[in-house]
$ cat model-v5.tsv   # TSV, C-alpha atoms and all ligand atoms
chain	number	residue	atom	x	y	z
E	1	MET	CA	7.57	-27.39	-12.63
E	2	GLU	CA	5.95	-28.20	-9.32
E	3	LYS	CA	2.81	-30.14	-10.22
E	4	LYS	CA	0.54	-27.82	-8.28
E	5	PHE	CA	1.59	-24.74	-10.27
E	6	ALA	CA	1.24	-26.65	-13.53
E	7	ASP	CA	-2.34	-27.51	-12.48
E	8	ILE	CA	-3.15	-23.92	-11.56
E	9	LEU	CA	-1.62	-22.32	-14.65
E	10	GLN	CA	-3.31	-24.78	-16.95
E	11	HIS	CA	-6.57	-23.11	-15.86
E	12	PHE	CA	-5.22	-19.85	-17.31
E	13	ASP	CA	-4.01	-21.66	-20.43
E	14	ILE	CA	-0.35	-21.12	-19.49
E	15	ALA	CA	2.21	-23.94	-19.55
E	16	LEU	CA	5.41	-22.47	-18.11
E	17	ASP	CA	7.40	-22.36	-14.90
E	18	PRO	CA	6.80	-19.62	-12.31
E	19	SER	CA	9.45	-18.25	-9.92
E	20	VAL	CA	9.07	-16.18	-6.74
E	21	TYR	CA	8.93	-12.44	-7.44
E	22	GLY	CA	8.70	-9.02	-5.74
E	23	ASN	CA	8.79	-7.86	-2.13
E	24	GLY	CA	5.15	-7.52	-1.11
E	25	HIS	CA	4.29	-8.24	2.52
E	26	ILE	CA	0.90	-9.81	1.89
E	27	ASN	CA	0.35	-12.01	-1.17
E	28	ASP	CA	2.65	-14.63	-2.69
E	29	THR	CA	3.80	-13.37	-6.07
E	30	TYR	CA	5.44	-15.32	-8.91
E	31	ILE	CA	6.63	-14.34	-12.35
E	32	VAL	CA	5.96	-16.62	-15.30
E	33	HIS	CA	8.53	-16.00	-18.03
E	34	ALA	CA	6.71	-16.37	-21.31
E	35	GLN	CA	6.03	-14.24	-24.36
E	36	PRO	CA	4.61	-12.02	-22.83
E	37	ASP	CA	5.39	-12.54	-19.11
E	38	TYR	CA	2.71	-13.02	-16.47
E	39	ILE	CA	2.35	-12.40	-12.76
E	40	LEU	CA	0.75	-15.23	-10.78
E	41	GLN	CA	-0.47	-14.42	-7.27
E	42	ARG	CA	-1.84	-16.44	-4.42
E	43	ILE	CA	-4.19	-14.18	-2.50
E	44	ASN	CA	-3.54	-14.08	1.23
E	45	LYS	CA	-6.90	-15.31	2.49
E	46	LYS	CA	-6.00	-14.75	6.13
E	47	VAL	CA	-5.70	-11.03	5.39
E	48	PHE	CA	-8.43	-10.91	2.73
E	49	THR	CA	-11.10	-13.13	4.23
E	50	ASP	CA	-13.36	-12.83	1.16
E	51	PRO	CA	-11.13	-13.28	-1.92
E	52	PRO	CA	-14.07	-13.37	-4.40
E	53	ALA	CA	-15.08	-9.90	-3.12
E	54	VAL	CA	-11.49	-8.67	-3.63
E	55	MET	CA	-11.57	-10.02	-7.18
E	56	GLU	CA	-14.93	-8.43	-7.92
E	57	ASN	CA	-13.47	-5.06	-6.88
E	58	ILE	CA	-10.34	-5.56	-8.97
E	59	LYS	CA	-12.26	-6.71	-12.03
E	60	GLY	CA	-14.61	-3.73	-11.77
E	61	VAL	CA	-11.85	-1.19	-11.19
E	62	THR	CA	-9.46	-2.48	-13.87
E	63	GLU	CA	-12.18	-2.67	-16.54
E	64	PHE	CA	-13.26	0.87	-15.63
E	65	LEU	CA	-9.67	2.13	-15.79
E	66	ARG	CA	-9.09	0.37	-19.10
E	67	LYS	CA	-11.98	2.24	-20.71
E	68	LYS	CA	-10.79	5.60	-19.35
E	69	ILE	CA	-7.21	5.00	-20.52
E	70	GLU	CA	-8.43	3.96	-23.99
E	71	ALA	CA	-10.63	7.07	-24.21
E	72	GLU	CA	-7.65	9.27	-23.29
E	73	GLY	CA	-5.44	7.62	-25.92
E	74	GLY	CA	-3.20	5.88	-23.38
E	75	ASP	CA	-1.88	2.31	-23.45
E	76	PRO	CA	-4.37	0.16	-21.49
E	77	ASP	CA	-2.02	-2.83	-21.52
E	78	ARG	CA	0.56	-0.92	-19.47
E	79	GLU	CA	-1.30	1.79	-17.58
E	80	THR	CA	-3.61	-0.48	-15.61
E	81	LEU	CA	-3.38	-4.01	-14.29
E	82	ASN	CA	-5.01	-6.50	-16.65
E	83	LEU	CA	-6.43	-9.75	-15.32
E	84	ILE	CA	-5.99	-12.89	-17.39
E	85	PRO	CA	-9.24	-14.82	-17.16
E	86	THR	CA	-9.31	-18.54	-16.55
E	87	VAL	CA	-10.32	-20.82	-19.41
E	88	ASP	CA	-13.81	-20.74	-17.86
E	89	GLY	CA	-13.87	-16.93	-18.04
E	90	ALA	CA	-13.47	-16.36	-14.28
E	91	SER	CA	-11.18	-13.69	-12.78
E	92	TYR	CA	-9.52	-16.15	-10.38
E	93	TYR	CA	-9.05	-19.85	-9.87
E	94	ARG	CA	-9.70	-21.68	-6.62
E	95	HIS	CA	-7.36	-24.65	-6.42
E	96	THR	CA	-8.20	-27.88	-4.62
E	97	ASP	CA	-5.76	-26.69	-1.92
E	98	GLY	CA	-8.47	-24.13	-1.02
E	99	GLU	CA	-6.25	-21.18	-2.08
E	100	TYR	CA	-7.22	-18.45	-4.57
E	101	TYR	CA	-4.98	-17.64	-7.53
E	102	ARG	CA	-5.05	-14.84	-10.10
E	103	VAL	CA	-2.93	-13.97	-13.10
E	104	TYR	CA	-2.07	-10.50	-14.42
E	105	LYS	CA	-0.32	-9.38	-17.53
E	106	PHE	CA	3.23	-8.45	-16.56
E	107	VAL	CA	3.78	-4.74	-17.12
E	108	GLU	CA	6.85	-4.65	-19.35
E	109	GLY	CA	9.60	-2.04	-19.23
E	110	ALA	CA	8.64	-0.75	-15.79
E	111	LYS	CA	9.95	-1.32	-12.28
E	112	SER	CA	8.89	-0.96	-8.68
E	113	TYR	CA	11.33	0.33	-6.05
E	114	ASP	CA	11.69	-0.75	-2.45
E	115	ILE	CA	13.89	2.23	-1.64
E	116	VAL	CA	13.74	5.71	-3.09
E	117	GLU	CA	16.92	6.39	-4.97
E	118	ASP	CA	16.08	9.90	-6.13
E	119	PRO	CA	13.36	12.42	-5.14
E	120	SER	CA	12.22	12.55	-8.78
E	121	GLN	CA	10.90	8.99	-8.34
E	122	LEU	CA	8.54	10.37	-5.72
E	123	TYR	CA	7.41	13.15	-8.01
E	124	HIS	CA	6.52	10.59	-10.69
E	125	ALA	CA	4.95	8.17	-8.19
E	126	ALA	CA	2.81	11.02	-6.81
E	127	LYS	CA	1.58	11.91	-10.28
E	128	ALA	CA	0.67	8.27	-10.90
E	129	PHE	CA	-1.25	7.97	-7.62
E	130	GLY	CA	-2.91	11.34	-8.24
E	131	ARG	CA	-3.98	10.29	-11.75
E	132	PHE	CA	-5.23	6.98	-10.38
E	133	GLN	CA	-7.42	8.80	-7.90
E	134	ASN	CA	-8.67	11.20	-10.57
E	135	MET	CA	-9.63	8.37	-12.90
E	136	LEU	CA	-11.62	6.70	-10.13
E	137	ALA	CA	-13.34	9.91	-8.99
E	138	ASP	CA	-16.57	8.87	-10.73
E	139	TYR	CA	-16.30	5.14	-9.99
E	140	PRO	CA	-19.53	3.95	-8.34
E	141	ALA	CA	-18.26	3.64	-4.77
E	142	GLU	CA	-21.30	1.62	-3.68
E	143	LYS	CA	-20.07	-1.21	-5.91
E	144	LEU	CA	-16.89	-1.62	-3.88
E	145	HIS	CA	-16.67	-4.25	-1.16
E	146	GLU	CA	-14.84	-3.19	1.98
E	147	THR	CA	-12.12	-5.82	1.58
E	148	ILE	CA	-10.57	-5.11	4.99
E	149	VAL	CA	-13.06	-3.48	7.32
E	150	ASP	CA	-11.77	-0.31	9.05
E	151	PHE	CA	-8.46	-0.61	7.19
E	152	HIS	CA	-7.44	3.00	7.88
E	153	ASN	CA	-9.78	3.67	10.76
E	154	THR	CA	-7.02	4.92	13.02
E	155	ARG	CA	-9.24	4.97	16.09
E	156	VAL	CA	-10.05	1.27	15.57
E	157	ARG	CA	-6.35	0.63	14.86
E	158	TYR	CA	-5.50	2.24	18.19
E	159	GLU	CA	-7.98	-0.04	19.98
E	160	GLN	CA	-6.56	-3.06	18.15
E	161	PHE	CA	-3.13	-2.06	19.37
E	162	LYS	CA	-4.37	-1.82	22.97
E	163	ASP	CA	-6.04	-5.25	22.67
E	164	ALA	CA	-2.79	-6.75	21.39
E	165	LEU	CA	-0.96	-5.15	24.32
E	166	ASN	CA	-3.46	-6.41	26.87
E	167	ARG	CA	-3.32	-9.95	25.46
E	168	ASP	CA	0.44	-9.92	24.86
E	169	ALA	CA	0.06	-13.31	23.19
E	170	SER	CA	3.77	-13.52	22.39
E	171	GLY	CA	4.93	-12.50	25.89
E	172	ARG	CA	7.08	-9.82	24.19
E	173	ALA	CA	5.64	-6.67	25.79
E	174	ASP	CA	8.59	-6.36	28.16
E	175	THR	CA	10.98	-6.18	25.22
E	176	CYS	CA	9.36	-3.07	23.75
E	177	ARG	CA	8.13	-0.77	26.55
E	178	PRO	CA	9.47	2.50	25.00
E	179	GLU	CA	7.74	1.69	21.69
E	180	ILE	CA	4.47	0.83	23.49
E	181	ASP	CA	4.59	4.12	25.41
E	182	PHE	CA	5.27	5.98	22.17
E	183	VAL	CA	1.96	4.76	20.73
E	184	LEU	CA	-0.04	5.23	23.94
E	185	ALA	CA	1.13	8.86	24.20
E	186	ARG	CA	-0.45	9.63	20.82
E	187	GLU	CA	-4.03	8.43	21.34
E	188	LYS	CA	-5.45	11.90	20.66
E	189	ASP	CA	-4.17	11.85	17.06
E	190	ALA	CA	-6.19	8.75	16.20
E	191	GLY	CA	-9.52	10.49	15.60
E	192	VAL	CA	-8.48	13.45	13.46
E	193	ILE	CA	-9.08	12.11	9.92
E	194	VAL	CA	-11.93	9.71	10.73
E	195	ASP	CA	-13.77	12.53	12.51
E	196	ALA	CA	-13.22	14.92	9.60
E	197	LEU	CA	-14.68	12.29	7.23
E	198	ALA	CA	-17.60	11.65	9.58
E	199	ASP	CA	-18.52	15.34	9.98
E	200	GLY	CA	-18.14	15.98	6.25
E	201	SER	CA	-15.32	18.51	6.55
E	202	ILE	CA	-13.28	16.39	4.13
E	203	PRO	CA	-14.80	14.34	1.26
E	204	LEU	CA	-15.02	10.56	1.01
E	205	ARG	CA	-13.33	9.46	-2.23
E	206	VAL	CA	-12.40	6.18	-3.90
E	207	THR	CA	-8.83	5.60	-2.77
E	208	HIS	CA	-6.06	3.02	-3.19
E	209	ASN	CA	-5.16	2.77	0.50
E	210	ASP	CA	-1.78	1.06	0.07
E	211	THR	CA	0.33	3.59	-1.80
E	212	LYS	CA	3.82	2.52	-0.92
E	213	LEU	CA	6.38	3.09	-3.60
E	214	ASN	CA	6.64	-0.57	-4.58
E	215	ASN	CA	2.95	-0.46	-5.49
E	216	VAL	CA	3.59	1.79	-8.47
E	217	LEU	CA	5.59	0.82	-11.53
E	218	LEU	CA	7.88	3.48	-13.03
E	219	ASP	CA	9.07	3.39	-16.61
E	220	GLU	CA	12.58	1.95	-16.84
E	221	LYS	CA	13.65	4.53	-19.44
E	222	THR	CA	11.83	7.76	-18.60
E	223	GLY	CA	11.27	7.21	-14.85
E	224	GLU	CA	7.65	8.30	-15.29
E	225	GLY	CA	4.80	6.56	-13.49
E	226	VAL	CA	3.28	3.82	-15.64
E	227	CYS	CA	0.88	1.74	-13.57
E	228	VAL	CA	-0.53	1.66	-10.06
E	229	ILE	CA	-0.69	-1.95	-8.83
E	230	ASP	CA	-1.74	-3.89	-5.71
E	231	LEU	CA	-5.42	-3.04	-5.95
E	232	ASP	CA	-6.65	-5.33	-3.14
E	233	THR	CA	-7.49	-2.42	-0.86
E	234	VAL	CA	-9.20	-0.04	-3.29
E	235	MET	CA	-12.10	1.20	-1.17
E	236	PRO	CA	-13.84	4.43	-0.23
E	237	GLY	CA	-11.50	6.48	1.95
E	238	SER	CA	-9.69	9.79	2.22
E	239	LEU	CA	-7.16	11.25	-0.18
E	240	LEU	CA	-5.09	11.79	2.97
E	241	TYR	CA	-4.68	8.04	3.36
E	242	ASP	CA	-3.05	7.74	-0.06
E	243	TYR	CA	-0.90	10.82	0.35
E	244	GLY	CA	0.14	10.06	3.93
E	245	ASP	CA	0.89	6.39	3.34
E	246	ALA	CA	2.98	7.11	0.25
E	247	LEU	CA	5.17	9.57	2.16
E	248	ARG	CA	5.39	7.29	5.18
E	249	PHE	CA	7.38	5.00	2.94
E	250	GLY	CA	8.79	7.31	0.32
E	251	GLY	CA	9.73	10.20	2.63
E	252	SER	CA	12.06	8.00	4.65
E	253	SER	CA	15.83	8.14	4.16
E	254	GLY	CA	16.07	4.36	4.42
E	255	ALA	CA	14.45	0.97	4.30
E	256	GLU	CA	11.29	0.17	6.24
E	257	ASP	CA	13.28	-2.44	8.17
E	258	GLU	CA	16.57	-0.56	8.66
E	259	ARG	CA	18.00	-1.59	12.05
E	260	ASP	CA	20.29	1.42	12.43
E	261	LEU	CA	17.97	4.27	13.37
E	262	ASP	CA	20.74	6.82	12.78
E	263	LYS	CA	20.17	6.09	9.10
E	264	ILE	CA	16.45	6.93	9.31
E	265	TRP	CA	15.21	10.48	8.99
E	266	PHE	CA	12.33	12.21	7.24
E	267	ASP	CA	13.59	13.78	4.03
E	268	THR	CA	11.96	17.12	3.23
E	269	GLU	CA	13.30	17.02	-0.32
E	270	LYS	CA	11.36	13.81	-0.97
E	271	PHE	CA	8.35	15.32	0.79
E	272	THR	CA	8.50	18.34	-1.51
E	273	ALA	CA	8.83	16.22	-4.65
E	274	PHE	CA	5.85	14.01	-3.79
E	275	THR	CA	3.67	16.91	-2.66
E	276	LYS	CA	4.36	18.78	-5.90
E	277	GLY	CA	3.37	15.81	-8.10
E	278	PHE	CA	0.27	15.03	-6.06
E	279	ILE	CA	-1.10	18.58	-5.99
E	280	GLU	CA	-0.36	19.04	-9.70
E	281	GLU	CA	-2.60	16.11	-10.50
E	282	LEU	CA	-5.27	16.90	-7.90
E	283	PRO	CA	-5.93	20.63	-8.10
E	284	SER	CA	-9.43	19.94	-6.72
E	285	ILE	CA	-7.95	19.14	-3.31
E	286	THR	CA	-9.91	21.10	-0.73
E	287	ASP	CA	-8.36	23.62	1.67
E	288	ARG	CA	-9.09	21.37	4.62
E	289	GLU	CA	-7.40	18.39	2.95
E	290	LEU	CA	-4.46	20.59	2.05
E	291	ARG	CA	-4.01	21.76	5.65
E	292	LEU	CA	-4.09	18.14	6.83
E	293	LEU	CA	-1.47	16.81	4.37
E	294	PRO	CA	1.56	16.96	6.71
E	295	PHE	CA	-0.45	15.63	9.64
E	296	SER	CA	-1.65	12.72	7.48
E	297	VAL	CA	1.94	11.61	6.89
E	298	LYS	CA	2.49	11.50	10.63
E	299	LEU	CA	-0.77	9.66	11.27
E	300	MET	CA	-0.31	7.04	8.52
E	301	THR	CA	3.23	6.44	9.77
E	302	LEU	CA	1.99	6.07	13.34
E	303	GLU	CA	-0.75	3.73	12.16
E	304	CYS	CA	1.69	1.52	10.28
E	305	GLY	CA	4.16	1.47	13.18
E	306	SER	CA	1.33	0.54	15.59
E	307	ARG	CA	0.27	-2.27	13.25
E	308	PHE	CA	3.84	-3.65	13.12
E	309	LEU	CA	4.13	-3.37	16.91
E	310	ALA	CA	0.70	-4.94	17.51
E	311	ASP	CA	1.71	-7.79	15.23
E	312	TYR	CA	5.00	-8.24	17.10
E	313	LEU	CA	2.96	-8.50	20.32
E	314	ASN	CA	0.52	-10.89	18.63
E	315	GLY	CA	3.39	-13.17	17.53
E	316	ASP	CA	3.73	-12.17	13.82
E	317	VAL	CA	0.37	-13.43	12.65
E	318	TYR	CA	-0.43	-10.71	10.04
E	319	PHE	CA	2.96	-9.61	8.67
E	320	ILE	CA	4.12	-13.22	8.55
E	321	LYS	CA	6.95	-12.55	6.09
E	322	THR	CA	9.56	-11.94	8.79
E	323	HIS	CA	13.21	-12.95	8.41
E	324	TYR	CA	14.16	-12.92	12.12
E	325	PRO	CA	12.19	-12.78	15.41
E	326	GLU	CA	12.30	-8.98	15.96
E	327	HIS	CA	11.65	-8.07	12.33
E	328	ASN	CA	8.25	-6.49	13.00
E	329	LEU	CA	9.64	-4.62	16.02
E	330	VAL	CA	12.46	-3.28	13.84
E	331	ARG	CA	9.86	-2.17	11.29
E	332	ALA	CA	7.85	-0.45	14.04
E	333	ARG	CA	10.96	1.39	15.28
E	334	THR	CA	11.71	2.96	11.88
E	335	GLN	CA	8.11	4.17	11.71
E	336	PHE	CA	8.28	5.75	15.17
E	337	LYS	CA	11.57	7.43	14.41
E	338	LEU	CA	9.90	8.95	11.34
E	339	VAL	CA	6.85	10.03	13.38
E	340	LYS	CA	9.12	11.90	15.79
E	341	GLU	CA	10.97	13.52	12.89
E	342	ILE	CA	7.71	14.57	11.22
E	343	GLU	CA	6.47	16.06	14.50
E	344	ASP	CA	9.67	18.07	14.84
E	345	LYS	CA	9.47	19.29	11.23
E	346	MET	CA	5.71	19.97	11.18
E	347	ASP	CA	5.99	23.78	10.76
E	348	GLU	CA	8.45	23.38	7.90
E	349	LEU	CA	6.23	20.79	6.18
E	350	ASN	CA	3.15	23.01	6.52
E	351	ALA	CA	5.08	25.88	4.94
E	352	ILE	CA	6.20	23.68	2.02
E	353	VAL	CA	2.60	22.64	1.32
E	354	SER	CA	1.38	26.27	1.36
E	355	GLU	CA	4.19	27.34	-0.92
E	356	ILE	CA	3.52	24.56	-3.46
E	357	ALA	CA	-0.25	25.00	-3.42
E	358	GLY	CA	-0.08	28.80	-3.41
E	359	ARG	CA	-2.83	28.88	-0.76
X	401	LIG	P1	1.55	-7.58	-2.20
X	401	LIG	O1	0.10	-7.38	-1.93
X	401	LIG	O2	2.09	-8.79	-1.55
X	401	LIG	O3	2.33	-6.34	-1.86
X	401	LIG	P2	1.78	-6.83	-5.01
X	401	LIG	O4	0.53	-6.95	-5.82
X	401	LIG	O5	2.18	-5.48	-4.58
X	401	LIG	O6	1.69	-7.85	-3.76
X	401	LIG	O7	2.95	-7.51	-5.87
X	401	LIG	C1	4.26	-7.67	-5.34
X	401	LIG	C2	5.31	-7.11	-6.30
X	401	LIG	O8	5.21	-7.82	-7.57
X	401	LIG	C3	5.13	-5.65	-6.66
X	401	LIG	O9	5.76	-4.80	-5.71
X	401	LIG	C4	5.76	-5.56	-8.05
X	401	LIG	O10	7.16	-5.46	-7.94
X	401	LIG	C5	5.45	-6.93	-8.66
X	401	LIG	N1	4.24	-6.90	-9.54
X	401	LIG	C6	2.96	-7.17	-9.16
X	401	LIG	N2	2.13	-7.12	-10.21
X	401	LIG	C7	2.88	-6.82	-11.30
X	401	LIG	C8	2.61	-6.65	-12.71
X	401	LIG	N3	1.37	-6.81	-13.21
X	401	LIG	N4	3.65	-6.35	-13.53
X	401	LIG	C9	4.90	-6.22	-13.05
X	401	LIG	N5	5.22	-6.37	-11.74
X	401	LIG	C10	4.24	-6.67	-10.86
X	402	LIG	C1	1.42	-4.13	3.31
X	402	LIG	O1	0.87	-5.49	0.52
X	402	LIG	P1	1.96	-4.49	0.71
X	402	LIG	O2	3.28	-5.09	1.02
X	402	LIG	O3	1.99	-3.56	-0.46
X	402	LIG	C2	0.12	-3.69	3.96
X	402	LIG	C3	0.09	-2.17	4.07
X	402	LIG	C4	1.28	-1.70	4.91
X	402	LIG	C5	2.55	-2.21	4.26
X	402	LIG	C6	3.76	-1.90	5.11
X	402	LIG	C7	-3.15	-5.23	2.85
X	402	LIG	O4	1.49	-3.61	2.00
X	402	LIG	O5	-1.11	-1.75	4.71
X	402	LIG	O6	1.31	-0.29	4.99
X	402	LIG	O7	2.51	-3.65	4.08
X	402	LIG	N1	-1.02	-4.15	3.15
X	402	LIG	C8	-2.07	-4.75	3.75
X	402	LIG	O8	4.90	-2.10	4.35
X	402	LIG	O9	-2.16	-4.89	4.97
X	403	MG	MG	2.33	-4.51	-2.71
$ encode --input "model-v5.tsv" --output "structure tokens"
Amino acid sequence: MEKKFADILQHFDIALDPSVYGNGHINDTYIVHAQPDYILQRINKKVFTDPPAVMENIKGVTEFLRKKIEAEGGDPDRETLNLIPTVDGASYYRHTDGEYYRVYKFVEGAKSYDIVEDPSQLYHAAKAFGRFQNMLADYPAEKLHETIVDFHNTRVRYEQFKDALNRDASGRADTCRPEIDFVLAREKDAGVIVDALADGSIPLRVTHNDTKLNNVLLDEKTGEGVCVIDLDTVMPGSLLYDYGDALRFGGSSGAEDERDLDKIWFDTEKFTAFTKGFIEELPSITDRELRLLPFSVKLMTLECGSRFLADYLNGDVYFIKTHYPEHNLVRARTQFKLVKEIEDKMDELNAIVSEIAGR
């Protein structure tokens, strides 16, 4: 084993070899095969500039969830992430390399998916995200650090995109004029959800904020949702962020980085499955939130595409896990294709929501 990992794991009282694991864009994840297995993660401190604050949130949230799951007769070792403390009782270890490491129990018998194989996966993912939000409904929001400021503030995101365009640090703007114009033409959408939160017409809730399908583990046998993971961005937000972001990813016919745009469309069957599961678990959803559900999918998809495009213009400094030079541009293109599709299908999507909700 590389000496560094041996040093780090010894602080968690683990003496085994880790190997690279998973397909997250942000942290570096390793699996440690043991009895039981563990997940070791290096926190991306460029993205999360205050890792101790991230860990305080995760410790608070996972302990809170554990108690709720125990009270409901669930299995707290599988239905929430569980941090393994260091031998000193801390929730993370800061190595002499200046990096922050954490260890979780590996959730056994469950899997995350990078591509939706069947709409029923979305139904089960939606129920898991809905339950997650329900369980955190009475979490003291004031205890949460804002781990990435303005994470889903789409107006700020729009300004960040324009800054990236004006700087054009990579000199790539000329290679993506149609994509740039696509974002600029949609400025008016940026304020819709932030304004509704600000004027109180939709409630502020404790939300996950990064609900892509590979951030929920589904049971390998039953297909049911087991555990919501990737809790770095749990913060106060809107239910629409979680719903919209999940369908941005899960409602697509293909991979986030599919190069052939003919293979990318927005799948109403997947939309229906997710919407059904989400509303079943969150009957308290307000009328205003309900009316904004389809729009939120468009806006979260536009936000994500703008972030990929801004990062392409910035020279791949945030989404650094690229496999070829245009990778972030390719990712942006799939998002914009989906935005266009969602715009074209908006009436149909609104009708599906009304039908499912019965209001
Ligand atoms: P990132 O922030 O980089 O997306 P994640 O926390 O989502 O990192 O972890 C990356 C992947 O590792 C997940 O998509 C999942 O497949 C796997 N994973 C993470 N934590 C666990 C866990 N406790 N048990 C099983 N698999 C996990
Ligand atoms: C990142 O960490 P991961 O891979 O689950 C990103 C999300 C994006 C997503 C796009 C903290 O999610 O906001 O929507 O990539 N997470 C962060 O795939 O920026
Ligand atoms: Mg993840």
$ residues_near_ligand --input "model-v5.tsv" --ligand "ligand LIG 402 (chain X)" --cutoff "7 Å" --atoms "all atoms listed in the file" --output "MDAnalysis selection string"
chainID E and resid 23:27 47 210 212 214:215 230 232:233 245 304
$ atom_distance --input "model-v5.tsv" --atom1 "atom O6 of ligand LIG 401 (chain X)" --atom2 "atom CA of E:Thr29"
6.3 Å
$ residues_near_ligand --input "model-v5.tsv" --ligand "ligand LIG 401 (chain X)" --cutoff "9 Å" --atoms "all atoms listed in the file" --output "MDAnalysis selection string"
chainID E and resid 21:31 37:41 43:44 78 80:83 103:114 210 212:217 227 229:232
$ atom_distance --input "model-v5.tsv" --atom1 "atom CA of E:Lys263" --atom2 "atom CA of E:Leu302"
18.7 Å
$ closest_residue --input "model-v5.tsv" --among "E:Lys337, E:Arg359, E:Arg186, E:Lys4" --to "E:Arg248" --atoms "only C-alpha atoms"
E:Lys337
$ atom_distance --input "model-v5.tsv" --atom1 "atom CA of E:Glu281" --atom2 "atom CA of E:Phe64"
19.3 Å
$ residues_around --input "model-v5.tsv" --residues "stretch 339-354 of chain E" --least-positions-apart "2" --cutoff "7 Å" --atoms "only C-alpha atoms" --output "PyMOL selection string"
chain E and resi 265-266+272+294+298+301-302+335-337+356-359
$ residues_around --input "model-v5.tsv" --residues "E:Thr286" --least-positions-apart "3" --cutoff "9 Å" --atoms "all atoms listed in the file" --output "NGL selection string"
:E and (202-203 or 283 or 289-291)
$ closest_residue --input "model-v5.tsv" --among "E:Val228, E:Ser284, E:Glu326, E:Gly89" --to "ligand MG 403 (chain X)" --atoms "all atoms listed in the file"
E:Val228
$ closest_residue --input "model-v5.tsv" --among "E:His208, E:Asn57, E:Gln160, E:Met300" --to "ligand MG 403 (chain X)" --atoms "only C-alpha atoms and all ligand atoms"
E:His208
$ residues_around --input "model-v5.tsv" --residues "E:Lys59" --least-positions-apart "4" --cutoff "8 Å" --atoms "only C-alpha atoms" --output "MDAnalysis selection string"
chainID E and resid 55 63 83 91
$ residues_around --input "model-v5.tsv" --residues "E:Leu197" --least-positions-apart "5" --cutoff "12 Å" --atoms "all atoms listed in the file" --output "VMD selection string"
chain E and resid 152 to 153 191 to 192 202 to 205 236 to 241 288 to 289
$ closest_residue --input "model-v5.tsv" --among "E:Leu247, E:Val54, E:Ile193, E:Ile264" --to "E:Phe278" --atoms "only C-alpha atoms"
E:Leu247
$ closest_residue --input "model-v5.tsv" --among "E:Asn314, E:Thr334, E:Thr211, E:Ser201" --to "ligand MG 403 (chain X)" --atoms "all atoms listed in the file"
E:Thr211
$ closest_residue --input "model-v5.tsv" --among "E:Thr147, E:Asn209, E:Lys46, E:Gly130" --to "ligand MG 403 (chain X)" --atoms "all atoms listed in the file"
E:Asn209
